[in-house]
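> Supplied structure: coords-v8.txt, compact mmCIF, C-alpha atoms.
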```
# COMPACT_ATOMS: atom_id res chain seq x y z
CA GLU A 17 -3.71 -4.21 -21.14
CA TYR A 18 -4.58 -3.25 -17.58
CA MET A 19 -6.65 -0.09 -17.92
CA GLY A 20 -10.09 -0.19 -16.33
CA ALA A 21 -12.97 2.20 -16.95
CA LEU A 22 -15.77 3.72 -14.89
CA SER A 23 -19.16 4.80 -16.13
CA GLY A 24 -20.69 8.13 -15.16
CA ASP A 25 -22.05 6.78 -11.87
CA ILE A 26 -19.78 6.04 -8.94
CA HIS A 27 -21.74 3.03 -7.73
CA PRO A 28 -21.57 0.39 -10.49
CA ASN A 29 -18.57 -1.78 -9.66
CA PRO A 30 -16.50 -2.95 -12.64
CA GLY A 31 -14.23 -4.96 -10.36
CA PRO A 32 -14.71 -8.43 -8.93
CA GLU A 33 -17.88 -9.10 -6.99
CA LEU A 34 -17.29 -8.59 -3.28
CA GLN A 35 -17.91 -11.66 -1.15
CA THR A 36 -20.57 -10.83 1.43
CA ASP A 37 -19.24 -13.20 4.09
CA ASP A 38 -15.57 -12.22 3.87
CA ILE A 39 -15.79 -10.24 7.10
CA ASN A 40 -16.44 -13.42 9.08
CA ILE A 41 -13.37 -15.22 7.71
CA ASN A 42 -10.05 -15.05 9.53
CA LEU A 43 -7.72 -12.85 7.49
CA SER A 44 -4.60 -14.78 8.49
CA SER A 45 -6.16 -17.95 7.12
CA TYR A 46 -7.10 -16.14 3.92
CA ILE A 47 -3.51 -14.92 3.42
CA ARG A 48 -2.12 -18.42 3.90
CA SER A 49 -4.65 -19.93 1.50
CA ASN A 50 -3.74 -17.39 -1.21
CA SER A 51 0.03 -17.80 -1.10
CA ASN A 52 0.24 -18.00 -4.90
CA ASN A 53 -1.45 -14.61 -5.34
CA PHE A 54 -0.58 -11.18 -3.97
CA ASN A 55 -2.63 -9.34 -1.34
CA PHE A 56 -2.82 -5.57 -1.04
CA ILE A 57 -4.17 -4.91 2.45
CA GLN A 58 -5.07 -1.69 4.21
CA ILE A 59 -6.17 -0.76 7.72
CA ASN A 60 -6.88 2.43 9.63
CA ALA A 61 -4.85 1.49 12.71
CA ARG A 62 -5.60 4.44 15.03
CA SER A 63 -2.09 4.06 16.47
CA LEU A 64 0.25 1.65 14.75
CA PHE A 65 2.64 1.55 17.71
CA LYS A 66 -0.15 0.50 20.05
CA ASN A 67 -1.38 -2.25 17.69
CA ILE A 68 1.88 -3.42 16.14
CA ASP A 69 1.77 -6.86 17.78
CA GLU A 70 -1.56 -7.67 16.10
CA ILE A 71 -0.25 -6.52 12.73
CA ARG A 72 2.98 -8.48 13.13
CA SER A 73 1.00 -11.62 13.84
CA LEU A 74 -1.11 -10.96 10.74
CA ILE A 75 1.54 -10.66 8.03
CA GLY A 76 4.73 -11.72 9.81
CA GLY A 77 6.28 -14.61 7.92
CA SER A 78 4.24 -14.02 4.76
CA LYS A 79 5.87 -12.86 1.55
CA ASN A 80 2.78 -12.06 -0.50
CA CYS A 81 1.36 -8.97 1.23
CA VAL A 82 1.69 -5.21 0.87
CA LEU A 83 0.12 -3.47 3.88
CA SER A 84 -1.02 0.15 3.79
CA VAL A 85 -1.68 1.79 7.16
CA THR A 86 -3.54 5.06 7.74
CA GLU A 87 -3.78 7.00 11.00
CA THR A 88 -0.45 5.62 12.15
CA TRP A 89 -0.21 8.37 14.80
CA LEU A 90 3.57 8.06 14.65
CA LYS A 91 6.01 10.76 15.67
CA ARG A 92 9.72 11.14 14.93
CA ARG A 93 10.63 9.78 18.37
CA ILE A 94 9.12 6.40 17.42
CA SER A 95 11.81 4.65 15.41
CA ASP A 96 11.34 2.18 12.57
CA LYS A 97 12.71 -0.49 14.90
CA ALA A 98 9.71 -0.07 17.21
CA ILE A 99 7.28 -0.89 14.39
CA LEU A 100 9.46 -3.35 12.49
CA ILE A 101 7.93 -6.45 10.91
CA PRO A 102 10.63 -9.02 10.07
CA GLY A 103 10.99 -9.44 6.32
CA TYR A 104 9.37 -6.10 5.48
CA THR A 105 10.65 -2.68 4.41
CA ILE A 106 8.96 0.37 5.96
CA TYR A 107 8.01 3.52 4.06
CA ARG A 108 6.36 6.14 6.27
CA GLN A 109 5.15 9.72 6.31
CA ASP A 110 4.32 11.01 9.78
CA ARG A 111 2.11 13.99 10.48
CA ARG A 112 4.37 16.71 11.85
CA ARG A 113 2.53 19.59 13.47
CA ARG A 114 -0.72 18.08 14.73
CA LYS A 115 -1.67 14.89 16.51
CA GLY A 116 -3.02 11.88 14.65
CA GLY A 117 -2.85 11.15 10.94
CA GLY A 118 0.15 9.65 9.22
CA VAL A 119 0.50 6.99 6.49
CA LEU A 120 2.82 4.02 6.03
CA ILE A 121 3.44 1.07 3.70
CA TYR A 122 5.02 -2.28 4.55
CA ILE A 123 6.56 -4.04 1.52
CA PRO A 124 8.31 -7.45 1.50
CA GLN A 125 12.09 -7.00 1.51
CA HIS A 126 12.66 -9.51 -1.29
CA LEU A 127 10.85 -7.20 -3.74
CA ASN A 128 12.45 -4.29 -5.58
CA SER A 129 10.84 -1.16 -4.15
CA ARG A 130 11.60 2.55 -3.84
CA VAL A 131 9.77 5.65 -2.69
CA ARG A 132 8.54 7.99 -5.45
CA ALA A 133 8.73 11.47 -3.96
CA ASP A 134 8.60 12.93 -7.49
CA ILE A 135 4.90 12.02 -7.70
CA LYS A 136 3.99 13.99 -4.59
CA CYS A 137 2.01 17.22 -4.73
CA ASN A 138 3.50 20.25 -2.95
CA GLY A 139 0.29 20.59 -0.94
CA VAL A 140 -0.58 19.17 2.45
CA LEU A 141 -1.88 15.81 1.24
CA GLU A 142 -1.11 12.91 3.60
CA SER A 143 0.08 10.35 1.08
CA ILE A 144 3.09 8.25 0.18
CA TRP A 145 3.93 6.64 -3.19
CA VAL A 146 6.13 3.56 -3.58
CA GLU A 147 7.14 1.76 -6.76
CA ILE A 148 7.20 -2.05 -6.81
CA ASP A 149 8.27 -3.26 -10.24
CA ASP A 150 5.48 -2.27 -12.62
CA ILE A 151 3.06 -1.17 -9.88
CA LEU A 152 2.78 2.17 -8.11
CA VAL A 153 1.26 1.83 -4.65
CA CYS A 154 -0.13 4.85 -2.83
CA THR A 155 -1.43 5.11 0.73
CA ILE A 156 -3.53 8.19 1.40
CA TYR A 157 -5.47 9.69 4.29
CA ARG A 158 -7.98 12.54 4.27
CA PRO A 159 -8.92 13.80 7.75
CA PRO A 160 -12.68 13.93 8.47
CA LYS A 161 -12.45 17.66 9.18
CA ALA A 162 -10.23 18.60 6.24
CA LYS A 163 -10.28 22.38 5.90
CA SER A 164 -10.67 22.46 2.12
CA ASN A 165 -12.18 19.77 -0.09
CA THR A 166 -11.10 21.77 -3.14
CA ASN A 167 -7.44 21.70 -2.13
CA PHE A 168 -7.61 18.00 -1.31
CA PHE A 169 -9.03 16.97 -4.67
CA LYS A 170 -6.75 19.36 -6.53
CA CYS A 171 -3.69 17.84 -4.88
CA PHE A 172 -4.99 14.25 -5.16
CA SER A 173 -5.69 14.81 -8.86
CA GLU A 174 -2.21 16.26 -9.36
CA GLU A 175 -0.58 13.18 -7.82
CA ILE A 176 -2.54 10.75 -9.99
CA GLU A 177 -1.69 12.87 -13.03
CA ASN A 178 2.00 12.90 -12.09
CA ALA A 179 1.94 9.11 -11.76
CA SER A 180 0.23 8.78 -15.14
CA ILE A 181 2.71 11.10 -16.88
CA LEU A 182 5.89 9.81 -15.23
CA GLU A 183 4.93 6.13 -15.42
CA PRO A 184 2.21 5.73 -18.09
CA LYS A 185 2.67 1.95 -18.33
CA LYS A 186 2.59 1.17 -14.64
CA LYS A 187 -0.45 -0.11 -12.81
CA LEU A 188 -1.89 1.92 -9.92
CA ILE A 189 -3.18 0.74 -6.56
CA ILE A 190 -4.30 3.57 -4.29
CA GLN A 191 -5.45 2.57 -0.81
CA GLY A 192 -6.65 4.78 1.98
CA ASP A 193 -9.26 6.32 4.20
CA LEU A 194 -10.78 9.30 2.37
CA ASN A 195 -13.48 9.93 4.99
CA ILE A 196 -15.95 10.04 2.11
CA ASP A 197 -18.82 7.61 2.50
CA ILE A 198 -19.19 5.77 -0.80
CA LEU A 199 -22.60 4.56 0.39
CA GLY A 200 -23.90 8.01 1.37
CA GLN A 201 -25.76 10.38 -0.93
CA THR A 202 -26.71 13.34 1.25
CA GLY A 203 -25.42 16.79 2.19
CA ALA A 204 -21.74 17.64 2.06
CA ASN A 205 -20.81 14.01 1.52
CA ASN A 206 -22.70 14.05 -1.78
CA ALA A 207 -20.57 16.96 -3.01
CA ARG A 208 -17.40 15.09 -2.06
CA LEU A 209 -18.70 11.98 -3.82
CA SER A 210 -19.29 14.02 -6.95
CA SER A 211 -15.71 15.35 -6.85
CA LEU A 212 -14.36 11.85 -6.34
CA ASN A 213 -16.45 10.55 -9.22
CA ASP A 214 -15.06 13.27 -11.50
CA LEU A 215 -11.52 12.30 -10.52
CA LEU A 216 -12.13 8.60 -11.19
CA ASN A 217 -13.57 9.32 -14.62
CA MET A 218 -10.78 11.73 -15.52
CA TYR A 219 -8.02 9.16 -14.98
CA SER A 220 -9.92 5.99 -15.96
CA VAL A 221 -9.58 4.39 -12.56
CA TYR A 222 -12.25 2.70 -10.46
CA LEU A 223 -13.22 1.61 -6.96
CA THR A 224 -12.90 -2.10 -6.28
CA ASN A 225 -15.57 -1.98 -3.56
CA THR A 226 -18.73 0.12 -3.77
CA THR A 227 -21.11 -2.00 -1.67
CA LYS A 228 -19.50 -3.33 1.52
CA PRO A 229 -19.12 -1.05 4.58
CA THR A 230 -15.64 -0.74 6.12
CA ARG A 231 -16.63 1.03 9.34
CA THR A 232 -19.69 -0.03 11.33
CA ASN A 233 -20.92 0.92 14.78
CA ASN A 234 -24.26 1.03 16.60
CA LYS A 235 -25.36 4.12 14.71
CA THR A 236 -23.79 4.10 11.26
CA SER A 237 -22.46 1.83 8.55
CA THR A 238 -20.10 3.57 6.14
CA LEU A 239 -17.62 2.77 3.37
CA LEU A 240 -14.69 5.09 4.02
CA ASP A 241 -11.66 2.92 3.22
CA VAL A 242 -11.25 2.62 -0.52
CA VAL A 243 -9.09 0.91 -3.10
CA ILE A 244 -8.69 2.76 -6.40
CA THR A 245 -6.97 1.07 -9.33
CA ASN A 246 -6.58 0.87 -13.08
CA ILE A 247 -5.86 -2.87 -13.05
CA GLU A 248 -8.25 -4.75 -15.28
CA ASN A 249 -10.63 -6.82 -13.15
CA ASN A 250 -9.51 -10.06 -14.84
CA TYR A 251 -6.33 -9.78 -12.78
CA ILE A 252 -8.13 -9.13 -9.49
CA THR A 253 -9.23 -12.41 -7.99
CA GLN A 254 -11.00 -10.92 -5.00
CA SER A 255 -11.91 -7.63 -3.32
CA SER A 256 -12.74 -8.27 0.30
CA VAL A 257 -13.50 -6.76 3.71
CA PHE A 258 -12.29 -8.53 6.86
CA LEU A 259 -13.05 -7.86 10.50
CA CYS A 260 -10.33 -6.06 12.49
CA GLU A 261 -10.41 -6.61 16.24
CA PHE A 262 -8.34 -3.59 17.31
CA SER A 263 -9.79 -0.81 15.13
CA ASP A 264 -13.23 0.60 14.44
CA HIS A 265 -12.35 0.21 10.73
CA ASP A 266 -12.14 -3.15 8.95
CA TYR A 267 -9.36 -4.47 6.73
CA THR A 268 -9.77 -4.17 2.98
CA VAL A 269 -7.97 -6.74 0.85
CA THR A 270 -7.43 -6.71 -2.91
CA THR A 271 -5.94 -9.95 -4.23
CA ILE A 272 -4.29 -9.95 -7.65
CA THR A 273 -2.56 -12.48 -9.85
CA HIS A 274 0.88 -10.99 -10.37
CA LYS A 275 4.48 -12.14 -10.37
CA PHE A 276 7.00 -9.64 -9.06
CA SER A 277 10.67 -9.79 -9.91
CA GLN A 278 12.84 -10.32 -6.85
CA LYS A 279 16.05 -8.69 -5.74
CA LEU A 280 19.12 -10.41 -7.09
CA LYS A 281 21.03 -12.09 -4.32
CA SER A 282 24.69 -11.13 -3.99
CA PRO A 283 26.84 -14.12 -4.94
CA ASN A 284 28.76 -15.73 -2.11
CA LYS A 285 32.40 -14.68 -2.21
CA GLU A 286 34.89 -17.52 -2.53
CA TRP A 287 38.51 -16.85 -1.56
CA ILE A 288 41.20 -18.75 -3.46
CA GLU A 289 44.83 -18.73 -2.33
CA TYR A 290 47.56 -19.09 -4.93
CA ARG A 291 51.28 -18.50 -5.31
CA TYR A 292 52.76 -15.87 -7.59
CA PHE A 293 55.62 -17.37 -9.68
CA SER A 294 56.43 -14.63 -12.19
CA LYS A 295 59.61 -13.76 -10.25
CA PHE A 296 60.45 -17.30 -9.25
CA ASN A 297 64.18 -17.96 -8.81
CA LYS A 298 65.00 -21.61 -9.00
CA THR A 299 68.52 -21.16 -7.55
CA ASN A 300 67.28 -19.35 -4.47
CA PHE A 301 64.53 -21.90 -4.07
CA LEU A 302 67.03 -24.78 -4.00
```
Now, as a test, write the supplied structure out as C-alpha cells.

Amino acid sequence: EYMGALSGDIHPNPGPELQTDDININLSSYIRSNSNNFNFIQINARSLFKNIDEIRSLIGGSKNCVLSVTETWLKRRISDKAILIPGYTIYRQDRRRRKGGGVLIYIPQHLNSRVRADIKCNGVLESIWVEIDDILVCTIYRPPKAKSNTNFFKCFSEEIENASILEPKKKLIIQGDLNIDILGQTGANNARLSSLNDLLNMYSVYLTNTTKPTRTNNKTSTLLDVVITNIENNYITQSSVFLCEFSDHDYTVTTITHKFSQKLKSPNKEWIEYRYFSKFNKTNFL
C-alpha cells in the first residue's frame, strides 16, 4: 500500500534523503535523464506570463512532468493560449479581486486528467485539485500576510478530508508555497508549524523535504515550498531542490516510479465504397 506516516515531530523526514547538491544540477538535464520515471515539479513563478518562455524551455517536449505553479499573477484577460506549453493541458485558478496570487497545473495531454472541484472548500483557499488516474494532485498557495491562519488550516484540512473520503484509494501529492518556514521555530511561524504538524498527523501524510531551503537571499534561508504526500517512500526515487534563474524561489522536484494509463487514441476512420444490389434489376441493367 501507499500510505506513509509521520511521527509527532515535523522535522524527521520519512521520505527519500534529499540530495544536497541537487541545486547545482541543471533541471532540464535531470528531467531528460529520468525519462522512465515521473517528475512532479513546482515553482513560485512570480508572474507566469512574464516567465513562460523559461518554463516552456524546461518541460516543453517532455512527457513525464506535472508542473505546479504558484503566484501565477494571471488575470482573466490573459488567455490559456498566452501561457500554452505544447503537449500540456492547463488547469488554472486565478486570483480575482486582488493582485498577485493564483495557482495552476500543467499536465501532459496524453494522460487522463480532470479537475476535481468537488474536493474544494467553500472558503477562500487558493488551491486547485486535478485527478490523474489514481493520483490526486493539488497546487496550493498561502499568502504571507494571510488574514486568518485558523481559516486557512480549517479549509486546507477540509480539502484533504474531502479527498480522503471521496477517493480513499488514491494517492495524494500536494505542492505549494505555504509561506510557513519548515526550518523556523520562532514566533508566529512556530504556531503555524504546529498547526501544519497537526494536519499532517491527522491525515497520515508527510513532507518529502524538511531540510533543504527553497528560498534563499542575502539575509534569510527558508523552506517555504513544500510537497505533502501519502505515497510510500519506496515509490519516491528522489526529492530534490533545483536552482531557478527567474524566481527568488527554487524548483522542488519529487520523482516517483509510476505508470499512468494513457488516453485511448481514436481509431482512424476508413471509408469503404460499395454497391447496393438488393433492388437490382437484371433486365434494366442489360
> Which residue out of A:Ser63, A:Ser73, A:Ser164, A:Asn53 has the minimum interatomic distance to A:Ile252 when all atoms listed in the file are used?
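Answer, going by the shortest atom-to-atom distance: A:Asn53.
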> Give me the residues within 8 Å of A:Asp197 as a list in words, counting all atoms listed in the file and dropping any in the same chain fewer than 6 places off.
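Result of the neighbour search: Asn205, Leu209, Thr238, Leu239 and Leu240 of chain A.
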> Using only C-alpha atoms - which residues lie no farther than 7 Å from the point (7.0, -5.5, 11.1) in the file's frame? Write them as a compact mmCIF listing (two decimals) with C-alpha atoms, in the coordinates of the input.

```
# COMPACT_ATOMS: atom_id res chain seq x y z
CA ARG A 72 2.98 -8.48 13.13
CA GLY A 76 4.73 -11.72 9.81
CA ILE A 99 7.28 -0.89 14.39
CA LEU A 100 9.46 -3.35 12.49
CA ILE A 101 7.93 -6.45 10.91
CA PRO A 102 10.63 -9.02 10.07
CA TYR A 104 9.37 -6.10 5.48
```
> Which residue out of A:Val119, A:Ile244, A:Ala207, A:Leu194 has the minimum interatomic distance to A:Leu152 when all atoms listed in the file are used?
A:Ile244
> Would you work out the distance separating atom CA of A:Asp193 from atom CA of A:Pro159, expressed in Å to one decimal?
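Here the two named atoms are 8.3 Å from each other.
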> Between A:Thr253, A:Asn234, A:Ser263, A:Ser173, which residue has the minimum interatomic distance to A:Ile71, considering all atoms listed in the file?
A:Ser263
> Pick out the closest residue to A:Tyr219 from this set: A:Glu175, A:Phe262, A:Asp110, A:Val242. Count only C-alpha atoms.
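Using only C-alpha atoms, the shortest distance to A:Tyr219 belongs to A:Glu175.
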> Go ahead and compute the interatomic distance for atom CA of A:Ile135 and atom CA of A:Arg158, in Å to one decimal.
17.6 Å
> Closest to A:Ser277 among A:Asp149, A:Glu177, A:Glu87, A:Asp69, using all atoms listed in the file?
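Smallest distance to A:Ser277 is found for A:Asp149.
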> Find the spatial neighbours of A:Gly117, counting all atoms listed in the file, within a cut-off of 7 Å - ignore same-chain residues fewer than 2 positions away - and output them as a list of chain:residue names.
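Returned residues: A:Thr86, A:Glu87, A:Thr88, A:Trp89, A:Arg111, A:Lys115, A:Val119.
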> Check the smallest atom-to-atom distance from each of A:Lys163, A:Lys186, A:Arg231, A:Arg108 to A:Ser143 using all atoms listed in the file, then report the winner.
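Closest to A:Ser143, using all atoms listed in the file: A:Arg108.
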> What does the structure give for the distance between atom CA of A:Ile190 and atom CA of A:Leu215, in Å to one decimal?
12.9 Å
> Grab all the atoms of stretch 63-66 of chain A that the file lists, wrap them in a box along x, y and z, add 6 Å per side, and give me centre plus edge lengths in Å (one decimal) as AutoDock Vina command-line options.

```
--center_x 0.3 --center_y 2.3 --center_z 17.4 --size_x 16.7 --size_y 15.6 --size_z 17.3
```
